[in-house]
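One structure below.
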Amino acid sequence: MYPAEQSLTHRSPKTFFPYLFAALFLLVLIDSWQRAGIDPEVFFEAKGRDSLWKFLNGMFPPDLSRNFLSLMVRPALETIQISLWGTLFAIVIGLPLGLLGTNTLMVRGILNEAELEGAPLRRALRYGIYVLARAVLSLFRCIPEFVWALMFVRAVGLGPFPGVLAIGVAYGGMLGKVYSEIFESANNRPLEALQSLGANKLQIFFYGWFPQVLPNFVSYTLYRWECAVRASAVLGLVGAGGLGQQIEISMRMFNFNEVLTILIILFLMVAAVDYLSAKVRASL
Amino acid sequence: MASSQQQYRLESVSKVFGRRQVALEGIDMAIHKGERVALIGPSGAGKTTLFRLLNCTLRPSSGRLWINGENVETLHGQRLRQARRLIGTVYQQHNLVPRLRVIHNVLAGKLGQWSTIRSLFSLARPRDVELAHRALAQVGISEKTFERTDELSGGQQQRVAIARVLVQDPEVILADEPVSSVDPSLAVTIVKLLIDISQTTRKTLVVSLHSVDLALAYFPRVIGVSRGSIAFDLSPDKISEEMLEDLYAGAVRGNGVNEAVSVPGRAIAYSSIS
């Protein structure tokens, strides 16, 4: 019998642990309320209401003057360009690492049986590469793109390029992780058949693996591109170009109506990217 | 020792999954070049595992296996792929790539001979269209050459799989339950097609069949496999009703190691026991 089943059938008699944990959890919540400085009174006090009102009132109407809009064309384009190249870098990083981090390609399953059976050294080497690839991927993605951007701004200077690098590295980690999961979900039977007629791993990949997972692969990559458009707006706040930089400037000048305009532009861009990727997915 | 006339030679071959799941035990047999052999036996008997040993997908846990006089223990990397190139396998189902066009699935038979670059280019612009077309004509579906494979019926897909073996042009054709998922009248046609191909091009043919009648009617040598061992290895006229009853008696359906292996789409079940 499995341990899980045991705990279901023989429920342990009265223990106070659940209550202890519930009490602890409550304490943590209460303590965090204070430490996080949550203060709903801000919305009701005269001073808080005042600054909120100023902010909201300042946003309307959005600045739609030809002058300001024409100023925003270049940053908007820059945002798209950062997201495009960032995503491209992310694919270049994520695809090979994702492949090396795919269990069924590297260590386990029918494609490795004959090669690794009775070859412990080779198995250890493969396993080492696999673990290393996964470790690098998780390192890349556990640092947020925002922090990557801060570092790259220091390393290569202000402008759009650190934004591209930040998205490339952070999203490369995410893409690689998800790619490896997509590859592992493929049906093994066609792959086994290709292997049995003498195909090598790359041939198996291009003929059996990639065609099977293509729709998932493309739609996840497009989704990441959409995220990259949004992210490249945030990255501007740390000096990595694009619309974010404009948001930062307008904020500092207390020109909230310009901020709203930029938010509208951003919304339209993300919606357009979403529409485009839906079209691509439908055609697959 | 294995002679050059022998396609396969197995000496007390066993296959154990994990630590104790014995799929095959103490298999001794020899198959000569150009022979036609049918394997019968209940599901879970170990036929699929035997096929996987014969086409170099798995290695024996113990015992020795020679292919063409070469001990498979010594085959690795490039040489292993070369050995596989000379063995063509037809599976029960789900062995084609569904989203690929028929022509690419058929030309995949050439992958063992093509370089990686060449096979990549062929995906963009198919090479040897003529060859694929001829193979598909031989199995009677040449009009499907450029269709997507998942738009074909089960029987048509099985013909595509056979066309792939034709393009591969191996020395041996292995067919693991090739007709279990097609209707009975088509089953006879496909078995006849396999026999015809093996005869005209002098290939060794090993087929496992659910249908005992088909095995006895079309194959000069029939091997009964039960619980991981060979129960009998005889010509059809020497196989009695009793032997067949014994072969299938006591077989609990769907309880064998190989059941998990041979059910399509159960790759996970497989990898959990490997």
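Every chain in the structure tokens takes a letter, A first, then B, and so on in the order presented; its residues are numbered from 1, and the ligands are numbered from 1 following the presented order.
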Output as an MDAnalysis selection string the set of chain B residues within 9 Å of chain A, with distances taken over only C-alpha atoms. chainID B and resid 52 55:59 61 76:78 80:91 93:100 104:105 108:117 119:120 123 165 168 170 264:268 270:272 274
I need the chosen residues saved as a PDB file, in the first residue's frame, with C-alpha atoms.
```
ATOM      1  CA  ARG B  52      12.290  -4.131 -29.227  1.00  0.00           C
ATOM      2  CA  ASN B  55      15.299  -3.891 -33.613  1.00  0.00           C
ATOM      3  CA  CYS B  56      17.944  -2.657 -31.156  1.00  0.00           C
ATOM      4  CA  THR B  57      15.625  -0.410 -29.183  1.00  0.00           C
ATOM      5  CA  LEU B  58      16.339  -2.356 -26.015  1.00  0.00           C
ATOM      6  CA  ARG B  59      19.332  -4.433 -24.994  1.00  0.00           C
ATOM      7  CA  SER B  61      19.530  -7.790 -19.559  1.00  0.00           C
ATOM      8  CA  HIS B  76      27.189   1.771 -30.037  1.00  0.00           C
ATOM      9  CA  GLY B  77      26.672   5.182 -31.644  1.00  0.00           C
ATOM     10  CA  GLN B  78      27.171   5.180 -35.383  1.00  0.00           C
ATOM     11  CA  LEU B  80      24.261   0.934 -33.634  1.00  0.00           C
ATOM     12  CA  ARG B  81      22.433   3.233 -36.043  1.00  0.00           C
ATOM     13  CA  GLN B  82      23.873   1.330 -38.996  1.00  0.00           C
ATOM     14  CA  ALA B  83      22.563  -1.921 -37.546  1.00  0.00           C
ATOM     15  CA  ARG B  84      19.147  -0.346 -37.045  1.00  0.00           C
ATOM     16  CA  ARG B  85      19.106   0.901 -40.625  1.00  0.00           C
ATOM     17  CA  LEU B  86      18.981  -2.695 -41.843  1.00  0.00           C
ATOM     18  CA  ILE B  87      15.925  -3.468 -39.736  1.00  0.00           C
ATOM     19  CA  GLY B  88      12.541  -2.044 -40.661  1.00  0.00           C
ATOM     20  CA  THR B  89       9.720  -2.081 -38.143  1.00  0.00           C
ATOM     21  CA  VAL B  90       5.966  -1.761 -38.630  1.00  0.00           C
ATOM     22  CA  TYR B  91       4.061  -1.101 -35.414  1.00  0.00           C
ATOM     23  CA  GLN B  93      -0.386   2.041 -34.684  1.00  0.00           C
ATOM     24  CA  HIS B  94       0.676   5.542 -33.749  1.00  0.00           C
ATOM     25  CA  ASN B  95       4.116   5.210 -35.205  1.00  0.00           C
ATOM     26  CA  LEU B  96       3.792   7.927 -37.841  1.00  0.00           C
ATOM     27  CA  VAL B  97       4.155  11.610 -37.126  1.00  0.00           C
ATOM     28  CA  PRO B  98       0.566  12.844 -37.416  1.00  0.00           C
ATOM     29  CA  ARG B  99       1.173  16.486 -38.334  1.00  0.00           C
ATOM     30  CA  LEU B 100       3.679  15.690 -41.046  1.00  0.00           C
ATOM     31  CA  HIS B 104       7.847  13.095 -45.183  1.00  0.00           C
ATOM     32  CA  ASN B 105       6.710  10.124 -43.159  1.00  0.00           C
ATOM     33  CA  ALA B 108      11.770   9.207 -43.124  1.00  0.00           C
ATOM     34  CA  GLY B 109      12.713   5.667 -44.168  1.00  0.00           C
ATOM     35  CA  LYS B 110      15.827   7.255 -45.679  1.00  0.00           C
ATOM     36  CA  LEU B 111      16.954   9.021 -42.502  1.00  0.00           C
ATOM     37  CA  GLY B 112      19.459   6.299 -41.681  1.00  0.00           C
ATOM     38  CA  GLN B 113      21.214   7.032 -44.966  1.00  0.00           C
ATOM     39  CA  TRP B 114      20.774  10.782 -45.169  1.00  0.00           C
ATOM     40  CA  SER B 115      22.969  13.287 -43.389  1.00  0.00           C
ATOM     41  CA  THR B 116      21.247  15.523 -40.856  1.00  0.00           C
ATOM     42  CA  ILE B 117      21.543  18.562 -43.128  1.00  0.00           C
ATOM     43  CA  SER B 119      17.166  15.419 -44.115  1.00  0.00           C
ATOM     44  CA  LEU B 120      16.476  18.963 -42.908  1.00  0.00           C
ATOM     45  CA  LEU B 123      11.511  18.802 -44.974  1.00  0.00           C
ATOM     46  CA  VAL B 165       9.745   0.370 -44.736  1.00  0.00           C
ATOM     47  CA  GLN B 168      14.085   2.140 -46.004  1.00  0.00           C
ATOM     48  CA  PRO B 170      16.024  -3.064 -44.901  1.00  0.00           C
ATOM     49  CA  PRO B 264      -0.348   3.403 -27.480  1.00  0.00           C
ATOM     50  CA  GLY B 265       0.233   6.698 -25.797  1.00  0.00           C
ATOM     51  CA  ARG B 266       1.401   5.018 -22.623  1.00  0.00           C
ATOM     52  CA  ALA B 267       4.982   6.041 -22.911  1.00  0.00           C
ATOM     53  CA  ILE B 268       4.789   7.237 -19.338  1.00  0.00           C
ATOM     54  CA  TYR B 270       6.791   2.481 -19.950  1.00  0.00           C
ATOM     55  CA  SER B 271       9.322   4.908 -18.605  1.00  0.00           C
ATOM     56  CA  SER B 272       8.131   4.370 -15.059  1.00  0.00           C
ATOM     57  CA  SER B 274      12.327   1.111 -17.202  1.00  0.00           C
TER      58      SER B 274
END
```
Residues near region 246-248 of chain B, anyone? I mean within 10 Å using only C-alpha atoms, not counting same-chain ones fewer than 3 positions away, as a PyMOL selection string. chain B and resi 40-43+45+224-227+230-232+241-243+251-253
Store the residues picked out above in a file with C-alpha atoms, as a JSON list (two decimals), in the first residue's frame.
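File selection-v2.json, as written:
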```json
[["chain", "number", "residue", "atom", "x", "y", "z"],
["B", 40, "ILE", "CA", 1.65, -15.66, -31.44],
["B", 41, "GLY", "CA", 0.69, -15.60, -27.79],
["B", 42, "PRO", "CA", -1.47, -13.77, -25.28],
["B", 43, "SER", "CA", -0.95, -10.07, -24.70],
["B", 45, "ALA", "CA", 3.58, -12.54, -23.10],
["B", 224, "GLY", "CA", 4.31, -19.40, -29.51],
["B", 225, "VAL", "CA", 5.33, -16.99, -26.76],
["B", 226, "SER", "CA", 3.84, -17.20, -23.31],
["B", 227, "ARG", "CA", 4.89, -15.58, -20.03],
["B", 230, "ILE", "CA", 8.99, -19.71, -25.97],
["B", 231, "ALA", "CA", 6.24, -22.32, -25.66],
["B", 232, "PHE", "CA", 6.75, -23.88, -29.09],
["B", 241, "GLU", "CA", -5.36, -27.48, -30.93],
["B", 242, "GLU", "CA", -4.14, -28.41, -27.43],
["B", 243, "MET", "CA", -0.90, -26.48, -27.76],
["B", 251, "ALA", "CA", -3.24, -15.57, -19.45],
["B", 252, "VAL", "CA", -4.86, -12.83, -17.46],
["B", 253, "ARG", "CA", -5.80, -10.17, -19.94]]
```
Spatial neighbours of Leu54 (chain B), max dist 10 Å, only C-alpha atoms, sep filter under 5 positions, as a PDB file with C-alpha atoms, in the first residue's frame:
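What follows is the written file out_30.pdb:
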```pdb
ATOM      1  CA  SER A 196      14.415   2.103 -34.942  1.00  0.00           C
TER       2      SER A 196
ATOM      3  CA  TYR B   8      19.242 -13.438 -35.668  1.00  0.00           C
ATOM      4  CA  ARG B   9      20.640 -15.640 -32.998  1.00  0.00           C
ATOM      5  CA  LEU B  10      19.494 -15.457 -29.384  1.00  0.00           C
ATOM      6  CA  THR B  48       6.657  -6.417 -27.958  1.00  0.00           C
ATOM      7  CA  THR B  49       9.730  -6.583 -25.742  1.00  0.00           C
ATOM      8  CA  ARG B  59      19.332  -4.433 -24.994  1.00  0.00           C
ATOM      9  CA  PRO B  60      19.105  -7.845 -23.348  1.00  0.00           C
ATOM     10  CA  LEU B  65      21.932 -11.520 -29.193  1.00  0.00           C
ATOM     11  CA  TRP B  66      23.597 -11.550 -32.595  1.00  0.00           C
ATOM     12  CA  ILE B  67      22.259  -9.647 -35.564  1.00  0.00           C
ATOM     13  CA  VAL B  72      24.698  -6.274 -30.226  1.00  0.00           C
ATOM     14  CA  ARG B  84      19.147  -0.346 -37.045  1.00  0.00           C
ATOM     15  CA  ILE B  87      15.925  -3.468 -39.736  1.00  0.00           C
ATOM     16  CA  THR B  89       9.720  -2.081 -38.143  1.00  0.00           C
ATOM     17  CA  VAL B 172      14.638  -7.549 -42.095  1.00  0.00           C
ATOM     18  CA  LEU B 174       9.631  -6.733 -38.162  1.00  0.00           C
ATOM     19  CA  VAL B 206       8.973 -11.551 -38.435  1.00  0.00           C
TER      20      VAL B 206
END
```
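From CA of Val188 (chain B) back to CA of Asp237 (chain B), the distance works out to 20.1 Å.
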With a distance cut-off of 7 Å and only C-alpha atoms, select the neighbouring residues of region 122-137 of chain A, excluding the residue or stretch itself and same-chain residues fewer than 3 positions from it, and output the selection as a count of residues only. 12
I need the helix (DSSP H, G or I) residues of region 49-267 of chain B per DSSP on the backbone, written as a short mmCIF file (atom, residue, chain, number, x, y, z; two decimals) with C-alpha atoms, in the first residue's frame.
```cif
data_model
loop_
_atom_site.label_atom_id
_atom_site.label_comp_id
_atom_site.auth_asym_id
_atom_site.auth_seq_id
_atom_site.Cartn_x
_atom_site.Cartn_y
_atom_site.Cartn_z
CA THR B 49 9.73 -6.58 -25.74
CA LEU B 50 11.14 -9.26 -28.04
CA PHE B 51 10.59 -6.97 -31.03
CA ARG B 52 12.29 -4.13 -29.23
CA LEU B 53 15.29 -6.36 -28.66
CA LEU B 54 15.29 -7.47 -32.29
CA VAL B 72 24.70 -6.27 -30.23
CA GLU B 73 26.68 -5.70 -27.03
CA THR B 74 29.47 -4.29 -29.18
CA GLY B 77 26.67 5.18 -31.64
CA GLN B 78 27.17 5.18 -35.38
CA ARG B 79 27.44 1.38 -35.62
CA LEU B 80 24.26 0.93 -33.63
CA ARG B 81 22.43 3.23 -36.04
CA GLN B 82 23.87 1.33 -39.00
CA ALA B 83 22.56 -1.92 -37.55
CA ARG B 84 19.15 -0.35 -37.04
CA ARG B 85 19.11 0.90 -40.63
CA VAL B 102 2.61 11.61 -45.92
CA ILE B 103 5.63 12.12 -48.14
CA HIS B 104 7.85 13.10 -45.18
CA ASN B 105 6.71 10.12 -43.16
CA VAL B 106 7.56 7.87 -46.09
CA LEU B 107 10.91 9.51 -46.84
CA ALA B 108 11.77 9.21 -43.12
CA GLY B 109 12.71 5.67 -44.17
CA LYS B 110 15.83 7.25 -45.68
CA THR B 116 21.25 15.52 -40.86
CA ILE B 117 21.54 18.56 -43.13
CA ARG B 118 20.15 16.69 -46.09
CA SER B 119 17.17 15.42 -44.11
CA LEU B 120 16.48 18.96 -42.91
CA PHE B 121 16.43 20.31 -46.44
CA SER B 122 14.11 17.52 -47.44
CA LEU B 123 11.51 18.80 -44.97
CA ALA B 124 11.47 22.10 -46.83
CA VAL B 129 9.57 12.35 -54.48
CA GLU B 130 9.67 9.69 -57.17
CA LEU B 131 10.87 7.03 -54.72
CA ALA B 132 8.16 7.89 -52.19
CA HIS B 133 5.55 7.93 -54.91
CA ARG B 134 6.56 4.47 -56.12
CA ALA B 135 6.47 3.05 -52.59
CA LEU B 136 3.04 4.53 -51.99
CA ALA B 137 1.85 3.16 -55.34
CA GLN B 138 3.06 -0.28 -54.29
CA SER B 142 -0.16 6.98 -54.22
CA GLU B 143 -2.88 9.64 -54.45
CA LYS B 144 -2.27 10.50 -50.76
CA THR B 149 -0.90 12.01 -42.30
CA ASP B 150 -3.49 12.53 -39.55
CA GLU B 151 -6.18 12.98 -42.21
CA GLY B 154 -6.09 3.77 -39.72
CA GLY B 155 -5.69 1.29 -42.56
CA GLN B 156 -4.22 3.94 -44.84
CA GLN B 157 -1.77 4.98 -42.14
CA GLN B 158 -0.64 1.39 -41.80
CA ARG B 159 0.04 1.39 -45.54
CA VAL B 160 2.07 4.58 -45.16
CA ALA B 161 4.11 2.80 -42.47
CA ILE B 162 4.74 -0.07 -44.87
CA ALA B 163 5.70 2.37 -47.62
CA ARG B 164 8.24 3.84 -45.20
CA VAL B 165 9.75 0.37 -44.74
CA LEU B 166 9.86 -0.01 -48.54
CA VAL B 167 11.81 3.24 -48.83
CA GLN B 168 14.09 2.14 -46.00
CA PRO B 184 -10.35 -8.23 -40.60
CA SER B 185 -10.63 -8.08 -44.39
CA LEU B 186 -7.94 -5.41 -44.53
CA ALA B 187 -5.84 -7.48 -42.11
CA VAL B 188 -5.49 -10.29 -44.66
CA THR B 189 -4.55 -7.78 -47.36
CA ILE B 190 -1.86 -6.18 -45.23
CA VAL B 191 -0.37 -9.51 -44.12
CA LYS B 192 -0.30 -10.64 -47.74
CA LEU B 193 1.34 -7.38 -48.72
CA LEU B 194 4.09 -7.87 -46.13
CA ILE B 195 4.67 -11.44 -47.30
CA ASP B 196 4.74 -10.32 -50.91
CA ILE B 197 7.32 -7.63 -50.17
CA SER B 198 9.51 -10.01 -48.20
CA GLN B 199 9.38 -12.62 -50.97
CA THR B 200 10.08 -10.37 -53.93
CA VAL B 212 -3.85 -17.41 -34.82
CA ASP B 213 -5.64 -18.30 -38.06
CA LEU B 214 -3.66 -15.74 -40.03
CA ALA B 215 -0.40 -16.98 -38.53
CA LEU B 216 -1.11 -20.63 -39.27
CA ALA B 217 -2.36 -19.92 -42.78
CA TYR B 218 0.44 -17.73 -44.09
CA PRO B 236 1.87 -24.92 -38.59
CA ASP B 237 1.00 -28.53 -39.42
CA LYS B 238 2.69 -29.72 -36.22
CA GLU B 241 -5.36 -27.48 -30.93
CA GLU B 242 -4.14 -28.41 -27.43
CA MET B 243 -0.90 -26.48 -27.76
CA LEU B 244 -2.83 -23.39 -28.73
CA GLU B 245 -5.18 -23.79 -25.78
CA ASP B 246 -2.22 -24.16 -23.43
CA LEU B 247 -0.61 -21.10 -24.96
CA TYR B 248 -3.55 -18.85 -24.20
CA VAL B 257 4.34 -6.08 -18.16
CA ASN B 258 4.03 -5.53 -21.87
CA GLU B 259 0.44 -4.50 -21.74
CA ALA B 260 1.58 -1.18 -20.38
CA VAL B 261 4.30 -1.07 -23.00
CA SER B 262 2.16 -1.86 -26.00
CA ALA B 267 4.98 6.04 -22.91
#
```
Could you build a table of the residues in region 93-200 of chain A lying no more than 12 Å from region 234-254 of chain A, giving for each the nearest pair of atoms and their separation in Å rounded to one decimal place, using only C-alpha atoms, ordered by chain and ascending residue number, as JSON lines?
```
{"residue": "A:Pro144", "atom": "CA", "partner": "A:Leu235", "partner_atom": "CA", "distance": 10.7}
{"residue": "A:Glu145", "atom": "CA", "partner": "A:Leu235", "partner_atom": "CA", "distance": 7.9}
{"residue": "A:Phe146", "atom": "CA", "partner": "A:Leu235", "partner_atom": "CA", "distance": 6.0}
{"residue": "A:Val147", "atom": "CA", "partner": "A:Leu235", "partner_atom": "CA", "distance": 9.2}
{"residue": "A:Trp148", "atom": "CA", "partner": "A:Leu235", "partner_atom": "CA", "distance": 9.5}
{"residue": "A:Ala149", "atom": "CA", "partner": "A:Leu235", "partner_atom": "CA", "distance": 6.6}
{"residue": "A:Leu150", "atom": "CA", "partner": "A:Val238", "partner_atom": "CA", "distance": 6.3}
{"residue": "A:Met151", "atom": "CA", "partner": "A:Val238", "partner_atom": "CA", "distance": 9.8}
{"residue": "A:Phe152", "atom": "CA", "partner": "A:Ala240", "partner_atom": "CA", "distance": 8.8}
{"residue": "A:Val153", "atom": "CA", "partner": "A:Ala240", "partner_atom": "CA", "distance": 6.8}
{"residue": "A:Arg154", "atom": "CA", "partner": "A:Gly239", "partner_atom": "CA", "distance": 10.0}
{"residue": "A:Ala155", "atom": "CA", "partner": "A:Ala240", "partner_atom": "CA", "distance": 11.9}
{"residue": "A:Val156", "atom": "CA", "partner": "A:Ala240", "partner_atom": "CA", "distance": 10.4}
{"residue": "A:Gly157", "atom": "CA", "partner": "A:Ala240", "partner_atom": "CA", "distance": 8.7}
{"residue": "A:Leu158", "atom": "CA", "partner": "A:Gly239", "partner_atom": "CA", "distance": 5.6}
{"residue": "A:Gly159", "atom": "CA", "partner": "A:Gly241", "partner_atom": "CA", "distance": 4.8}
{"residue": "A:Pro160", "atom": "CA", "partner": "A:Gly241", "partner_atom": "CA", "distance": 4.4}
{"residue": "A:Phe161", "atom": "CA", "partner": "A:Ala240", "partner_atom": "CA", "distance": 7.1}
{"residue": "A:Pro162", "atom": "CA", "partner": "A:Ala240", "partner_atom": "CA", "distance": 5.8}
{"residue": "A:Gly163", "atom": "CA", "partner": "A:Ala240", "partner_atom": "CA", "distance": 5.0}
{"residue": "A:Val164", "atom": "CA", "partner": "A:Ala240", "partner_atom": "CA", "distance": 8.4}
{"residue": "A:Leu165", "atom": "CA", "partner": "A:Ala240", "partner_atom": "CA", "distance": 9.9}
{"residue": "A:Ala166", "atom": "CA", "partner": "A:Leu235", "partner_atom": "CA", "distance": 8.5}
{"residue": "A:Ile167", "atom": "CA", "partner": "A:Leu235", "partner_atom": "CA", "distance": 9.1}
```
Against region 263-282 of chain A, which residues of region 22-132 of chain A fall within 9 Å? For each one I want the closest pair of atoms and the distance in Å (one decimal), counting only C-alpha atoms, rows by chain and increasing residue number, as a Markdown table.
```
| residue | atom | partner | partner_atom | distance |
| --- | --- | --- | --- | --- |
| A:Pro62 | CA | A:Ile264 | CA | 8.9 |
| A:Met72 | CA | A:Ile265 | CA | 8.8 |
| A:Ala76 | CA | A:Ile265 | CA | 7.7 |
| A:Ile80 | CA | A:Met269 | CA | 8.3 |
```
Written selection (C-alpha atoms) as a PDB file, in the first residue's frame:
```
ATOM      1  CA  PRO A  62      -5.382  62.183 -21.784  1.00  0.00           C
ATOM      2  CA  MET A  72       5.622  58.951 -28.593  1.00  0.00           C
ATOM      3  CA  ALA A  76       6.500  52.978 -28.958  1.00  0.00           C
ATOM      4  CA  ILE A  80       8.213  46.715 -30.005  1.00  0.00           C
TER       5      ILE A  80
END
```
Point-to-point distance in Å for CA of Ala38 (chain B) and CA of Leu209 (chain B):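 CA of Ala38 (chain B) lies 6.9 Å from CA of Leu209 (chain B).
Between CA of Ser180 (chain A) and CA of Thr102 (chain A) there is a distance of 4.8 Å.
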Rows by chain and residue number, region 203-257 of chain B within 9 Å of region 175-183 of chain B, shortest pair, only C-alpha atoms, as CSV:
```
residue,atom,partner,partner_atom,distance
B:Leu205,CA,B:Ala175,CA,7.8
B:Val206,CA,B:Ala175,CA,6.2
B:Val207,CA,B:Ala175,CA,4.6
B:Ser208,CA,B:Asp176,CA,5.1
B:Leu209,CA,B:Glu177,CA,5.1
B:His210,CA,B:Ser180,CA,6.6
B:Ser211,CA,B:Ser180,CA,8.3
```
